file run15.cif (mmCIF, C-alpha atoms and all ligand atoms)
data_start
loop_
_atom_site.label_atom_id
_atom_site.label_comp_id
_atom_site.auth_asym_id
_atom_site.auth_seq_id
_atom_site.Cartn_x
_atom_site.Cartn_y
_atom_site.Cartn_z
CA MET O 1 129.18 105.50 91.06
CA ILE O 2 127.35 108.79 90.81
CA ALA O 3 124.21 106.88 89.90
CA LYS O 4 124.67 104.74 93.00
CA ARG O 5 125.20 107.80 95.18
CA LEU O 6 122.25 109.57 93.62
CA GLY O 7 120.29 106.38 94.14
CA TYR O 8 120.94 106.64 97.88
CA ALA O 9 119.81 110.25 97.93
CA VAL O 10 116.65 109.61 95.93
CA ALA O 11 115.82 106.42 97.79
CA ARG O 12 116.21 108.26 101.08
CA GLU O 13 113.69 110.87 99.95
CA ASP O 14 111.22 108.21 98.85
CA LEU O 15 111.52 106.61 102.29
CA THR O 16 110.91 109.91 104.04
CA GLY O 17 107.75 110.35 101.98
CA LEU O 18 106.65 106.81 102.73
CA ILE O 19 107.21 107.19 106.48
CA ASN O 20 105.31 110.50 106.46
CA SER O 21 102.34 109.04 104.60
CA LEU O 22 102.29 106.04 106.94
CA ARG O 23 102.36 108.42 109.92
CA LYS O 24 99.19 110.12 108.66
CA ILE O 25 97.20 106.88 108.96
CA LYS O 26 94.86 107.10 111.94
CA ASN O 27 94.28 104.08 114.19
CA LYS O 28 97.58 102.49 113.27
CA ASP O 29 97.52 98.77 113.83
CA HIS O 30 100.49 96.68 114.93
CA ARG O 31 101.43 95.90 111.31
CA THR O 32 101.56 99.57 110.27
CA LYS O 33 103.74 100.36 113.28
CA LEU O 34 106.10 97.55 112.29
CA ILE O 35 106.33 98.90 108.73
CA ILE O 36 107.15 102.40 110.04
CA MET O 37 109.83 100.93 112.30
CA GLY O 38 111.26 99.00 109.36
CA CYS O 39 111.36 102.10 107.17
CA ARG O 40 113.07 104.10 109.90
CA ARG O 41 115.71 101.39 110.21
CA ILE O 42 116.36 101.40 106.44
CA ALA O 43 116.46 105.22 106.47
CA ARG O 44 119.01 105.11 109.29
CA TRP O 45 121.02 102.49 107.38
CA ILE O 46 121.09 104.74 104.31
CA ASP O 47 122.17 107.69 106.48
CA TRP O 48 124.95 105.53 107.89
CA GLN O 49 126.05 104.38 104.43
CA GLU O 50 126.03 107.98 103.26
CA GLU O 51 128.18 109.04 106.19
CA LYS O 52 130.58 106.12 105.67
CA HIS O 53 130.99 106.63 101.94
CA GLY O 54 130.53 110.38 101.86
CA VAL O 55 127.36 110.24 99.81
CA PRO O 56 125.75 113.64 99.40
CA LEU O 57 122.34 113.70 101.00
CA ALA O 58 119.71 115.60 99.07
CA ILE O 59 116.68 116.62 101.07
CA VAL O 60 114.00 117.18 98.46
CA ASN O 61 110.75 118.95 99.18
CA PRO O 62 108.22 116.65 97.49
CA ASN O 63 105.45 119.29 97.55
CA GLY O 64 104.00 119.97 94.13
CA THR O 65 106.25 117.46 92.38
CA SER O 66 103.35 116.11 90.35
CA SER O 67 101.95 119.51 89.37
CA GLU O 68 104.94 120.74 87.43
CA CYS O 69 106.44 119.55 84.13
CA PRO O 70 109.83 117.88 84.76
CA LYS O 71 111.08 119.20 81.43
CA CYS O 72 110.02 122.84 81.28
CA ASP O 73 108.37 123.59 84.70
CA SER O 74 105.01 124.43 83.12
CA LYS O 75 101.83 123.26 84.77
CA PRO O 76 100.69 120.00 83.14
CA GLU O 77 97.03 119.37 82.34
CA GLU O 78 95.15 116.24 83.25
CA THR O 79 94.36 114.16 80.17
CA GLY O 80 92.90 111.10 81.84
CA TYR O 81 93.04 108.96 84.95
CA ARG O 82 96.34 109.96 86.61
CA ARG O 83 97.71 111.04 83.19
CA LEU O 84 99.27 114.46 82.88
CA ARG O 85 100.33 116.28 79.73
CA CYS O 86 102.37 119.44 79.46
CA PRO O 87 100.73 121.98 77.10
CA ARG O 88 104.07 123.67 76.38
CA CYS O 89 106.51 120.84 75.56
CA GLU O 90 103.94 118.05 75.11
CA PHE O 91 105.64 115.81 77.66
CA GLU O 92 103.09 113.26 78.84
CA ALA O 93 103.36 110.72 81.66
CA ASP O 94 101.68 109.13 84.62
CA ARG O 95 101.27 111.47 87.63
CA ASP O 96 103.57 109.27 89.75
CA VAL O 97 106.22 109.18 87.04
CA ILE O 98 106.17 112.99 86.82
CA GLY O 99 106.44 113.20 90.61
CA LYS O 100 109.46 110.87 90.63
CA LEU O 101 111.13 112.73 87.75
CA ASN O 102 110.68 116.02 89.58
CA ILE O 103 112.07 114.59 92.84
CA ARG O 104 115.07 113.34 90.85
CA LYS O 105 115.40 116.71 89.15
CA ARG O 106 115.33 118.56 92.47
CA ALA O 107 117.82 116.06 93.97
CA LEU O 108 120.17 116.57 91.00
CA LYS O 109 119.91 120.31 91.45
CA ILE O 110 120.65 120.12 95.18
CA LEU O 111 123.61 117.80 94.50
CA GLY O 112 124.87 120.25 91.90
CA ILE O 113 124.59 117.80 89.02
CA SER O 114 123.07 119.79 86.19
CA GLY O 115 121.50 118.41 83.06
CA GLY O 116 120.23 115.18 84.55
CA SER O 117 118.98 113.46 81.44
CA LEU O 118 115.32 112.49 81.35
CA ALA O 119 116.02 109.92 78.65
CA THR O 120 118.27 107.86 80.90
CA PRO O 121 117.05 108.55 84.43
CA SER O 122 119.11 105.74 85.99
CA THR O 123 122.42 107.02 84.60
CA PRO O 124 123.01 110.75 85.01
CA GLN O 125 125.33 112.16 82.38
CA MET O 126 128.75 110.66 82.94
CA THR O 127 130.52 111.89 79.81
CA ASP O 128 131.90 115.15 81.16
CA VAL O 129 132.68 113.80 84.62
CA ASN O 130 136.17 112.85 85.65
CA PRO O 131 135.80 109.18 86.64
CA ASN O 132 138.06 109.72 89.64
CA ARG O 133 136.22 112.79 90.81
CA TRP O 134 134.79 110.95 93.83
CA GLY O 135 138.11 109.34 94.71
CA GLU O 136 137.25 105.88 93.44
CA PRO O 137 140.15 103.45 92.99
CA MET O 138 141.52 103.83 89.45
CA ASN O 139 142.36 100.20 88.68
CA SER O 140 139.55 98.01 89.89
ZN ZN M 1 106.73 120.84 79.69
#

call {"tool": "encode", "arguments": {"input": "run15.cif", "output": "structure tokens"}}
result
Amino acid sequence: MIAKRLGYAVAREDLTGLINSLRKIKNKDHRTKLIIMGCRRIARWIDWQEEKHGVPLAIVNPNGTSSECPKCDSKPEETGYRRLRCPRCEFEADRDVIGKLNIRKRALKILGISGGSLATPSTPQMTDVNPNRWGEPMNS
């Protein structure tokens, strides 16, 4: 359930970024305006779901998320087209992947979930978490 909740938070941030980048387009045509409207509606739906289910909302500042190593916070070097490699811990990934990992890392930090594992990004560490911590029904 934490993954689902975190999913809301991260997805919400991705939407905010998408809406902002769409807003920057000059001479918006009808189609672009429709996409922005659609995104706003989904964003509002997520907000509503979060309110209804008590999902923590993490507002992540996406600035610089692709210029910092998600593992050790060092500045990665460019090794090729959109490829970045960290000189300190040798973590290497696509620029977008690094950006996403950093947004997730910042979201985890804001939500107070430490040690979000990079190996299994879709399932934050569940082992030391009481399964009923979020008040889920015990026998489902
Ligand atoms: Zn590193």

call {"tool": "residues_near_ligand", "arguments": {"input": "run15.cif", "ligand": "ligand ZN 1 (chain M)", "cutoff": "12 Å", "atoms": "all atoms listed in the file", "output": "list of chain:residue names"}}
result
O:Ser67, O:Glu68, O:Cys69, O:Pro70, O:Lys71, O:Cys72, O:Asp73, O:Ser74, O:Lys75, O:Pro76, O:Glu77, O:Leu84, O:Arg85, O:Cys86, O:Pro87, O:Arg88, O:Cys89, O:Glu90, O:Phe91, O:Glu92, O:Ala93, O:Ile98, O:Asn102

call {"tool": "atom_distance", "arguments": {"input": "run15.cif", "atom1": "CA of Ile36 in chain O", "atom2": "CA of Arg23 in chain O"}}
result
7.7 Å

call {"tool": "atom_distance", "arguments": {"input": "run15.cif", "atom1": "CA of Leu108 in chain O", "atom2": "CA of Ala43 in chain O"}}
result
19.5 Å

call {"tool": "atom_distance", "arguments": {"input": "run15.cif", "atom1": "CA of Asp47 in chain O", "atom2": "CA of Lys109 in chain O"}}
result
19.8 Å

call {"tool": "residues_around", "arguments": {"input": "run15.cif", "residues": "Tyr8 in chain O", "least_positions_apart": "3", "cutoff": "12 Å", "atoms": "all atoms listed in the file", "output": "MDAnalysis selection string"}}
result
chainID O and resid 1:5 11:15 42:51 53:59 104 107 111

call {"tool": "closest_residue", "arguments": {"input": "run15.cif", "among": "O:Asn61, O:Lys33, O:Ser21, O:Arg95", "to": "Gly80 in chain O", "atoms": "all atoms listed in the file"}}
result
O:Arg95
